[in-house]
4 protein chains.
Amino acid sequence: MIIILKPGCSSAEEQEIINEVETLGYKPHIVRGVEHVVIGAVGDERSHHTLETLNNFPQVQEVMRVQKRHKLVNRQCHPEGTLVQVGEHRIGSAPIHVMAGPCSVEGEKQLMETAIAVKEAGATILRGGAFKPRTSPYEFQGLGEDGLKLLARAREETGMPVITELLSENHASMVAEYADILQIGTRNAQNFQLLIAAAKTGRPVLLKRGLSMKFEEWLLAGEYVLANGNANLMFCERGIRTFETYTRNTLDLAAIPVMKSETHLPVVIDPSQGCGRAQLVKSACRGSIAMGADALLIEVHPNPAEAWSDGAQQLSIADFRELMQELKPIAAAVGRSIATL
Amino acid sequence: MIIILKPGCSSAEEQEIINEVETLGYKPHIVRGVEHVVIGAVGDERSHHTLETLNNFPQVQEVMRVQKRHKLVNRQCHPEGTLVQVGEHRIGSAPIHVMAGPCSVEGEKQLMETAIAVKEAGATILRGGAFKPRTSPYEFQGLGEDGLKLLARAREETGMPVITELLSENHASMVAEYADILQIGTRNAQNFQLLIAAAKTGRPVLLKRGLSMKFEEWLLAGEYVLANGNANLMFCERGIRTFETYTRNTLDLAAIPVMKSETHLPVVIDPSQGCGRAQLVKSACRGSIAMGADALLIEVHPNPAEAWSDGAQQLSIADFRELMQELKPIAAAVGRSIATL
Amino acid sequence: MIIILKPGCSSAEEQEIINEVETLGYKPHIVRGVEHVVIGAVGDERSHHTLETLNNFPQVQEVMRVQKRHKLVNRQCHPEGTLVQVGEHRIGSAPIHVMAGPCSVEGEKQLMETAIAVKEAGATILRGGAFKPRTSPYEFQGLGEDGLKLLARAREETGMPVITELLSENHASMVAEYADILQIGTRNAQNFQLLIAAAKTGRPVLLKRGLSMKFEEWLLAGEYVLANGNANLMFCERGIRTFETYTRNTLDLAAIPVMKSETHLPVVIDPSQGCGRAQLVKSACRGSIAMGADALLIEVHPNPAEAWSDGAQQLSIADFRELMQELKPIAAAVGRSIATL
Amino acid sequence: MIIILKPGCSSAEEQEIINEVETLGYKPHIVRGVEHVVIGAVGDERSHHTLETLNNFPQVQEVMRVQKRHKLVNRQCHPEGTLVQVGEHRIGSAPIHVMAGPCSVEGEKQLMETAIAVKEAGATILRGGAFKPRTSPYEFQGLGEDGLKLLARAREETGMPVITELLSENHASMVAEYADILQIGTRNAQNFQLLIAAAKTGRPVLLKRGLSMKFEEWLLAGEYVLANGNANLMFCERGIRTFETYTRNTLDLAAIPVMKSETHLPVVIDPSQGCGRAQLVKSACRGSIAMGADALLIEVHPNPAEAWSDGAQQLSIADFRELMQELKPIAAAVGRSIATL
């Protein structure tokens, strides 16, 4: 760590910090600048006590970390990209996977109709929510295990692996029994107990970015999954919260090159949550492919206006079909392809 | 709900929306403006299907909710303020309670020393973390049940009720056995399963505001607690995430008058998390009291520079003592007092 | 406008608002809902007094605008897109223009070298700052009129029209004499006096989005330009300020489809400011093209590490050349092309 | 400055950075950590070329500044607080000044009535807008010089000095002729040309915080005023833009202790803009006083519901009178007083 002292410290004040650095197990190294004394504290920041507490001393201007805090997700420890195996698909390889389906599973007819349609249009993985985290306790909370059963049935019918959200530690083994990928939603992105429970199922995990999560925090949340023995992790950008209200969230597409450089794990984009308006979703999908996304997660509904949740952002089947056609030449233009079943 | 159509809609387009409004169970009421047709959809928005899905129709400019979504926490359903009973204290009444103690319980000596000191200085409730949600899996995660036992012992010793964080649904009954108030942290503010589990213990719940939670979302998260049979809820502002990095978070003190007008439940301020720097905590406490906070939640440590977590924001015992003296005349100036044991 | 009254208003309270609506020149139209009375105030919101002041009455829950406030920039008043003529280029047509050059004009050699190189690589417009708005008064503020003269010379040499920033009302005619496009920077995006001065020169104006400007505010800032007689306006997204600090700003690429739907004017992306890191700029350019940008504004420097300003985000000439090759197939994939001189 | 190299740099890569540091005029000082090499670049960062451009080298992980960039506004160069003289008032001393008056000057009757009333209630400085920056070009833009004349007349009548906004470099001398304090608004907080023009009039300047301005940027904007020969500067917090929409802005009251510790200049709070709702303004004023504000800037209107601008946030005269009574005991509780004429 690096400790910057305020200008004009006395040598006693300087010595006080040096002693504290040593007490906490680091070797101090002094750099005398034009105005400031800077102390480099040499030692492993991941095994030692953090020095951020030194901010408490009035003579300290700032304490800065040198080491990145994430290890297992860090690309430095795994320079080539990791492929996450889902059924026969390998996410992170050149073919780009499209995961599509309804926001919520509403019933057999709605799910089957959607599943068959998105498969025909070119999706390779089926999405659908069985447990829904809703801002209000009075909104539809999902069909629960019945929804999971319908998803499993749709998988049988179509051959598409299934992704669905895990909301509760207590559901982890049940959801893992039915689903091929466990999704951790934005509201639970720092629910570490849930991350650990998901990791322990052994299923691939898709970790959405929290509403106001910095990249480093997201990487560290992912670190909880790998540190608990599960290396099949995907990061999914779904928009962050900003002052702009026209779009539901601000889809931060820079997440693609940033995360691809920081971590070896695949990066997925969810433009439906990211934009919150069906008219914007197509454009965001095109951009995501051009910028290097490994997969897309798209909400599709046979009749968005009557959807039980988030209708405003679900694509109709016709729109989805059109979109899939548009994506192919863009994928080719960046040296990739759209995956097929 | 109110639906605003785009200028220049044909009467067929208008009729299509009117039909849809009726299909979804509302009675349409048309207002013809200078440029826009506005449709008032009369019906109870809390029991009917939401009309936000109408955003999907190209002729719709905007759909707006009329009713507030929260009910049980709403001051309209309980105009006088609710007092939350904690041991012999009644939070929400004129005396303002100060909850103080270390960020984390680190051991018996540290906890007892702090507990006795904060009691002497005037705190009425002891805080301390036994389960700690940490951004990195490699940071100290708390002493767990051993920490809870130490808290219970400190309560015996000092007579102060105890508040501590609940992190996992699976710990709810265990934590409730030892603690007098269950704290739900900012990262779990929309972990609805945890809120339900906390509610069901019957213990008073202190719900921190999420890092980027709007007031309405916070009220609705609180609604999960009341809707699950527990009316002993307090809302705790602890700073929101903004672009400013000088302070750890941006403490939104307007939360006090806003929440006091929207809900009948007590409002608590956590200036330690809110500011992230001990030097700012005192000032924030003074402002909180002047603006009408019902309680404060303050981190105090016998030796902040060697704290195992969040040392930069913990007050020393001497500073805390001084602060408590400063708060008394401010409380008096706004017609309240600082509570005593 | 729409006024929502709080539940449980007395009829006297309701009448008070109805009277006020009439006093302010609107015709009230009452909708009685399940819980709320809603008053539609019919009248032209752009010529009448705003009713937002009604928020002052305690019985009012909310006042909502119906009409959009922008007119001349609105796509409704000009359904097909506007082409902005710059020299022989028509920005907004199928060929996508790339404006490239150094952040600051540092001297003749640096500018000429860059201008010739970016032209060879395929840029059609030369960018370069002569007046630089700098966060600190002690940083390099640009070469001023000398810089403008160098830009004019580079135009002569290369045939590329020139874009440069206008910082002061008092410089408007001087800058307009040398430049082909006047750029209004993010810090001045709501400096309305500057917008008016720029408009009045008659030169095409490129208006960057303010650091924390909502789309509607940006459109209204643009409205100042058109309302002052200048229809040659381009909107340029350059990243907004959020909590994320890894990137200098958060490039909001949804601005492309949003602004293309709201306004008939061209949309430009500045990925250099948007990302703040040269390594991310290429990816952002690819995404911008795929999402429908009409032009890009890219910082290029012969030796970024020794640039006098913003070196971290400037591309080297080699990188820029490579980028231009990558963009062509993406433009083709979305039915467009990269413009040529 | 401090340069952190990525783990695993070769010695050639390390040497390349060392050479560049020397080329740019700094003396390199190497600290070898457990994983990283850190280079302390010793030299005055305010007179040398910035090293942030080194971010361009792929082997560099991060470049960090050591010195603060502001000098003249820095409390280190003027440890006791500066008092700003306005007429006979000295802002920054123990008595807290209340500047009050209408958002916009609408006419003689409205202004005089308000001026007399706020004076009677205890205000010591009169505020009122003559040039108004409005988001839309179609909104009321102020009475201009006629408004200034009315303000000057109100000063004669009441003896209160006058504060009003300066919008254009070209108005600086005209506004300075009539006003006692020049206000720079939030939209122009980084309009450096305007700051310089204001500074040069010699009048005291009140600089509002930009909508998304970090403290350091605000201090540097203030530095433009002092560096242009005018030491009579006040900083005014007026709320920042965040995701919360219930309040118009998020009033960041931590600005008071932060700015009081960073700079020697007075800190003023504008709760009217900060909250945007009259009901919240009183509470925010109470908090501001308790936290150490040197002055308040409050919008008051004889009939807020019919105000020509920002009616929702203006206090009625009766409310203002009540507020002034409430503030006295709070000021006393923190060892200060409310200033009187």
# chains A, B, ... in the order shown; residues from 1 in each chain; ligands from 1
call {"tool": "residues_around", "arguments": {"residues": "Arg90 in chain C", "least_positions_apart": "2", "cutoff": "12 Å", "atoms": "only C-alpha atoms", "output": "list in words"}}
result
Gly81, Thr82, Leu83, Val84, Gln85, Val86, Gly87, Glu88, Gly92, Ser93, Ala94, Pro95, Ile96, His97, Thr124, Ile125, Pro161, Pro204, Asn232, Met234, Leu265, Pro266, Asp294, Ala295, Ala339, Thr340 and Leu341 of chain C
call {"tool": "write_last_selection", "arguments": {"atoms": "N, CA and C atoms", "output": "PDB file, in the first residue's frame"}}
result
ATOM      1  N   GLY C  81     -34.525  12.197 -41.521  1.00  0.00           N
ATOM      2  CA  GLY C  81     -33.352  12.751 -40.849  1.00  0.00           C
ATOM      3  C   GLY C  81     -32.802  13.976 -41.564  1.00  0.00           C
ATOM      4  N   THR C  82     -32.234  14.886 -40.796  1.00  0.00           N
ATOM      5  CA  THR C  82     -31.576  16.061 -41.365  1.00  0.00           C
ATOM      6  C   THR C  82     -30.123  15.720 -41.682  1.00  0.00           C
ATOM      7  N   LEU C  83     -29.670  16.169 -42.839  1.00  0.00           N
ATOM      8  CA  LEU C  83     -28.249  16.013 -43.178  1.00  0.00           C
ATOM      9  C   LEU C  83     -27.556  17.336 -42.881  1.00  0.00           C
ATOM     10  N   VAL C  84     -26.456  17.280 -42.166  1.00  0.00           N
ATOM     11  CA  VAL C  84     -25.704  18.502 -41.888  1.00  0.00           C
ATOM     12  C   VAL C  84     -24.546  18.587 -42.884  1.00  0.00           C
ATOM     13  N   GLN C  85     -24.547  19.671 -43.615  1.00  0.00           N
ATOM     14  CA  GLN C  85     -23.543  19.854 -44.671  1.00  0.00           C
ATOM     15  C   GLN C  85     -22.281  20.478 -44.065  1.00  0.00           C
ATOM     16  N   VAL C  86     -21.154  19.816 -44.270  1.00  0.00           N
ATOM     17  CA  VAL C  86     -19.865  20.342 -43.803  1.00  0.00           C
ATOM     18  C   VAL C  86     -18.921  20.239 -44.985  1.00  0.00           C
ATOM     19  N   GLY C  87     -18.581  21.351 -45.591  1.00  0.00           N
ATOM     20  CA  GLY C  87     -17.811  21.290 -46.837  1.00  0.00           C
ATOM     21  C   GLY C  87     -18.618  20.446 -47.803  1.00  0.00           C
ATOM     22  N   GLU C  88     -18.014  19.404 -48.325  1.00  0.00           N
ATOM     23  CA  GLU C  88     -18.743  18.552 -49.263  1.00  0.00           C
ATOM     24  C   GLU C  88     -19.376  17.335 -48.575  1.00  0.00           C
ATOM     25  N   GLY C  92     -25.007  12.423 -41.542  1.00  0.00           N
ATOM     26  CA  GLY C  92     -26.370  11.936 -41.333  1.00  0.00           C
ATOM     27  C   GLY C  92     -26.815  11.042 -42.473  1.00  0.00           C
ATOM     28  N   SER C  93     -26.054  11.035 -43.554  1.00  0.00           N
ATOM     29  CA  SER C  93     -26.370  10.138 -44.659  1.00  0.00           C
ATOM     30  C   SER C  93     -25.670   8.789 -44.418  1.00  0.00           C
ATOM     31  N   ALA C  94     -25.820   7.869 -45.337  1.00  0.00           N
ATOM     32  CA  ALA C  94     -25.312   6.510 -45.105  1.00  0.00           C
ATOM     33  C   ALA C  94     -23.817   6.459 -44.803  1.00  0.00           C
ATOM     34  N   PRO C  95     -22.979   7.222 -45.484  1.00  0.00           N
ATOM     35  CA  PRO C  95     -21.553   7.134 -45.133  1.00  0.00           C
ATOM     36  C   PRO C  95     -21.293   7.742 -43.749  1.00  0.00           C
ATOM     37  N   ILE C  96     -20.553   7.020 -42.951  1.00  0.00           N
ATOM     38  CA  ILE C  96     -20.259   7.430 -41.575  1.00  0.00           C
ATOM     39  C   ILE C  96     -18.933   8.189 -41.582  1.00  0.00           C
ATOM     40  N   HIS C  97     -18.940   9.389 -41.029  1.00  0.00           N
ATOM     41  CA  HIS C  97     -17.733  10.210 -41.045  1.00  0.00           C
ATOM     42  C   HIS C  97     -16.904   9.991 -39.787  1.00  0.00           C
ATOM     43  N   THR C 124     -12.189  11.924 -42.457  1.00  0.00           N
ATOM     44  CA  THR C 124     -12.654  12.927 -43.427  1.00  0.00           C
ATOM     45  C   THR C 124     -12.728  14.324 -42.828  1.00  0.00           C
ATOM     46  N   ILE C 125     -12.612  14.438 -41.522  1.00  0.00           N
ATOM     47  CA  ILE C 125     -12.685  15.737 -40.846  1.00  0.00           C
ATOM     48  C   ILE C 125     -11.577  15.763 -39.805  1.00  0.00           C
ATOM     49  N   PRO C 161     -12.186  19.405 -43.732  1.00  0.00           N
ATOM     50  CA  PRO C 161     -12.785  20.448 -42.895  1.00  0.00           C
ATOM     51  C   PRO C 161     -12.339  20.246 -41.441  1.00  0.00           C
ATOM     52  N   PRO C 204     -22.047  25.012 -38.688  1.00  0.00           N
ATOM     53  CA  PRO C 204     -22.559  23.811 -38.034  1.00  0.00           C
ATOM     54  C   PRO C 204     -22.035  23.728 -36.599  1.00  0.00           C
ATOM     55  N   ASN C 232     -28.087  23.524 -38.394  1.00  0.00           N
ATOM     56  CA  ASN C 232     -26.996  22.572 -38.637  1.00  0.00           C
ATOM     57  C   ASN C 232     -26.397  22.093 -37.330  1.00  0.00           C
ATOM     58  N   MET C 234     -25.463  18.932 -34.619  1.00  0.00           N
ATOM     59  CA  MET C 234     -25.208  17.508 -34.361  1.00  0.00           C
ATOM     60  C   MET C 234     -25.107  17.311 -32.856  1.00  0.00           C
ATOM     61  N   LEU C 265     -31.799  15.053 -36.049  1.00  0.00           N
ATOM     62  CA  LEU C 265     -30.438  15.539 -36.267  1.00  0.00           C
ATOM     63  C   LEU C 265     -29.415  14.415 -36.101  1.00  0.00           C
ATOM     64  N   PRO C 266     -28.239  14.542 -36.694  1.00  0.00           N
ATOM     65  CA  PRO C 266     -27.243  13.464 -36.622  1.00  0.00           C
ATOM     66  C   PRO C 266     -26.703  13.253 -35.205  1.00  0.00           C
ATOM     67  N   ASP C 294     -23.768   8.335 -36.650  1.00  0.00           N
ATOM     68  CA  ASP C 294     -23.573   8.986 -37.947  1.00  0.00           C
ATOM     69  C   ASP C 294     -22.130   9.445 -38.138  1.00  0.00           C
ATOM     70  N   ALA C 295     -21.410   9.578 -37.043  1.00  0.00           N
ATOM     71  CA  ALA C 295     -20.008  10.002 -37.137  1.00  0.00           C
ATOM     72  C   ALA C 295     -19.322   9.650 -35.835  1.00  0.00           C
ATOM     73  N   ALA C 339     -17.249   6.849 -44.627  1.00  0.00           N
ATOM     74  CA  ALA C 339     -17.124   7.900 -45.639  1.00  0.00           C
ATOM     75  C   ALA C 339     -15.675   8.064 -46.082  1.00  0.00           C
ATOM     76  N   THR C 340     -15.512   8.500 -47.308  1.00  0.00           N
ATOM     77  CA  THR C 340     -14.154   8.788 -47.783  1.00  0.00           C
ATOM     78  C   THR C 340     -14.122  10.221 -48.297  1.00  0.00           C
ATOM     79  N   LEU C 341     -12.938  10.764 -48.378  1.00  0.00           N
ATOM     80  CA  LEU C 341     -12.771  12.150 -48.863  1.00  0.00           C
ATOM     81  C   LEU C 341     -13.060  12.208 -50.352  1.00  0.00           C
TER      82      LEU C 341
END
call {"tool": "residues_around", "arguments": {"residues": "Glu216 in chain B", "least_positions_apart": "4", "cutoff": "10 Å", "atoms": "only C-alpha atoms", "output": "ChimeraX atom specification"}}
result
/A:135-136 /B:68-70,220-222,259,262 /D:244-246
call {"tool": "residues_around", "arguments": {"residues": "Ala198 in chain D", "least_positions_apart": "3", "cutoff": "9 Å", "atoms": "only C-alpha atoms", "output": "list in words"}}
result
Leu166, Glu169, Ala172, Ser173, Ala176, Leu182, Gln183, Ile184, Gln193, Leu194, Leu195, Thr201, Gly202, Arg203, Pro204, Val205, Val225 and Asn230 of chain D
call {"tool": "write_last_selection", "arguments": {"atoms": "C-alpha atoms", "output": "PDB file, in the first residue's frame"}}
result
ATOM      1  CA  LEU D 166     -24.163  36.321 -13.752  1.00  0.00           C
ATOM      2  CA  GLU D 169     -19.145  37.230 -19.819  1.00  0.00           C
ATOM      3  CA  ALA D 172     -20.041  41.063 -16.091  1.00  0.00           C
ATOM      4  CA  SER D 173     -19.459  44.763 -15.712  1.00  0.00           C
ATOM      5  CA  ALA D 176     -21.248  44.130 -11.084  1.00  0.00           C
ATOM      6  CA  LEU D 182     -22.113  37.758  -8.280  1.00  0.00           C
ATOM      7  CA  GLN D 183     -23.554  34.288  -8.301  1.00  0.00           C
ATOM      8  CA  ILE D 184     -22.193  31.677 -10.713  1.00  0.00           C
ATOM      9  CA  GLN D 193     -14.324  32.196 -19.053  1.00  0.00           C
ATOM     10  CA  LEU D 194     -17.282  33.326 -16.982  1.00  0.00           C
ATOM     11  CA  LEU D 195     -15.414  32.648 -13.741  1.00  0.00           C
ATOM     12  CA  THR D 201     -15.020  42.662 -11.574  1.00  0.00           C
ATOM     13  CA  GLY D 202     -13.596  42.565  -8.054  1.00  0.00           C
ATOM     14  CA  ARG D 203     -17.026  41.820  -6.596  1.00  0.00           C
ATOM     15  CA  PRO D 204     -17.458  38.915  -4.162  1.00  0.00           C
ATOM     16  CA  VAL D 205     -18.329  35.739  -6.054  1.00  0.00           C
ATOM     17  CA  VAL D 225     -11.343  33.058  -9.291  1.00  0.00           C
ATOM     18  CA  ASN D 230     -10.228  37.991  -6.513  1.00  0.00           C
TER      19      ASN D 230
END
call {"tool": "closest_residue", "arguments": {"among": "A:Arg187, A:His49, A:Arg321, A:Arg153", "to": "Leu167 in chain A", "atoms": "only C-alpha atoms"}}
result
A:Arg187
call {"tool": "interface_residues", "arguments": {"of": "chain C", "to": "chain D", "cutoff": "7 Å", "atoms": "only C-alpha atoms", "output": "ChimeraX atom specification"}}
result
/C:46,52-56,135-138,168,187-188,190-191,193,211-212,217,220-221,223-224,278,304-306,310-312
call {"tool": "residues_around", "arguments": {"residues": "Met291 in chain B", "least_positions_apart": "4", "cutoff": "8 Å", "atoms": "only C-alpha atoms", "output": "PDB file with N, CA and C atoms, in the first residue's frame"}}
result
ATOM      1  N   LEU B 253     -29.205  13.337   3.715  1.00  0.00           N
ATOM      2  CA  LEU B 253     -29.951  13.687   4.933  1.00  0.00           C
ATOM      3  C   LEU B 253     -31.382  14.114   4.637  1.00  0.00           C
ATOM      4  N   ILE B 256     -34.364  12.125   5.905  1.00  0.00           N
ATOM      5  CA  ILE B 256     -35.108  12.271   7.166  1.00  0.00           C
ATOM      6  C   ILE B 256     -36.475  12.912   6.917  1.00  0.00           C
ATOM      7  N   PRO B 257     -36.540  14.153   6.401  1.00  0.00           N
ATOM      8  CA  PRO B 257     -37.895  14.702   6.200  1.00  0.00           C
ATOM      9  C   PRO B 257     -38.700  13.927   5.160  1.00  0.00           C
ATOM     10  N   GLY B 287     -26.034  17.356  12.153  1.00  0.00           N
ATOM     11  CA  GLY B 287     -27.056  17.639  11.154  1.00  0.00           C
ATOM     12  C   GLY B 287     -28.245  16.690  11.270  1.00  0.00           C
TER      13      GLY B 287
ATOM     14  N   SER D 283     -36.243  21.740   6.927  1.00  0.00           N
ATOM     15  CA  SER D 283     -35.433  20.720   7.580  1.00  0.00           C
ATOM     16  C   SER D 283     -33.977  20.839   7.122  1.00  0.00           C
ATOM     17  N   ALA D 284     -33.780  21.054   5.830  1.00  0.00           N
ATOM     18  CA  ALA D 284     -32.422  21.176   5.311  1.00  0.00           C
ATOM     19  C   ALA D 284     -31.710  22.396   5.893  1.00  0.00           C
ATOM     20  N   ARG D 286     -32.185  23.629   8.885  1.00  0.00           N
ATOM     21  CA  ARG D 286     -31.803  23.273  10.255  1.00  0.00           C
ATOM     22  C   ARG D 286     -30.521  22.442  10.255  1.00  0.00           C
ATOM     23  N   GLY D 287     -30.475  21.460   9.356  1.00  0.00           N
ATOM     24  CA  GLY D 287     -29.277  20.620   9.279  1.00  0.00           C
ATOM     25  C   GLY D 287     -28.042  21.419   8.875  1.00  0.00           C
TER      26      GLY D 287
END
call {"tool": "decode", "arguments": {"residues": "range 133-144 of chain D", "atoms": "N, CA and C atoms", "output": "CSV table (one decimal), in the first residue's frame"}}
result
chain,number,residue,atom,x,y,z
D,133,PRO,N,-31.0,31.3,-16.2
D,133,PRO,CA,-30.6,30.2,-17.2
D,133,PRO,C,-31.8,29.2,-17.1
D,134,ARG,N,-32.5,29.0,-18.2
D,134,ARG,CA,-33.6,28.1,-18.2
D,134,ARG,C,-33.4,26.9,-19.1
D,135,THR,N,-33.7,25.7,-18.7
D,135,THR,CA,-33.5,24.5,-19.5
D,135,THR,C,-34.1,24.6,-20.9
D,136,SER,N,-35.2,25.3,-21.0
D,136,SER,CA,-35.8,25.4,-22.3
D,136,SER,C,-35.8,26.8,-22.8
D,137,PRO,N,-35.6,27.0,-24.1
D,137,PRO,CA,-35.5,28.4,-24.6
D,137,PRO,C,-36.9,29.1,-24.5
D,138,TYR,N,-37.9,28.3,-24.2
D,138,TYR,CA,-39.3,28.9,-24.3
D,138,TYR,C,-39.8,29.3,-22.9
D,139,GLU,N,-38.9,29.2,-21.9
D,139,GLU,CA,-39.3,29.6,-20.5
D,139,GLU,C,-38.8,31.0,-20.3
D,140,PHE,N,-39.4,31.6,-19.3
D,140,PHE,CA,-39.1,33.0,-18.9
D,140,PHE,C,-37.6,33.1,-18.5
D,141,GLN,N,-36.9,34.1,-19.2
D,141,GLN,CA,-35.5,34.2,-19.1
D,141,GLN,C,-35.1,35.3,-18.2
D,142,GLY,N,-36.0,35.9,-17.5
D,142,GLY,CA,-35.6,37.0,-16.5
D,142,GLY,C,-35.8,38.4,-17.1
D,143,LEU,N,-35.9,39.4,-16.3
D,143,LEU,CA,-36.1,40.7,-16.7
D,143,LEU,C,-34.9,41.4,-17.2
D,144,GLY,N,-33.7,40.8,-17.0
D,144,GLY,CA,-32.5,41.4,-17.5
D,144,GLY,C,-32.1,42.7,-16.7
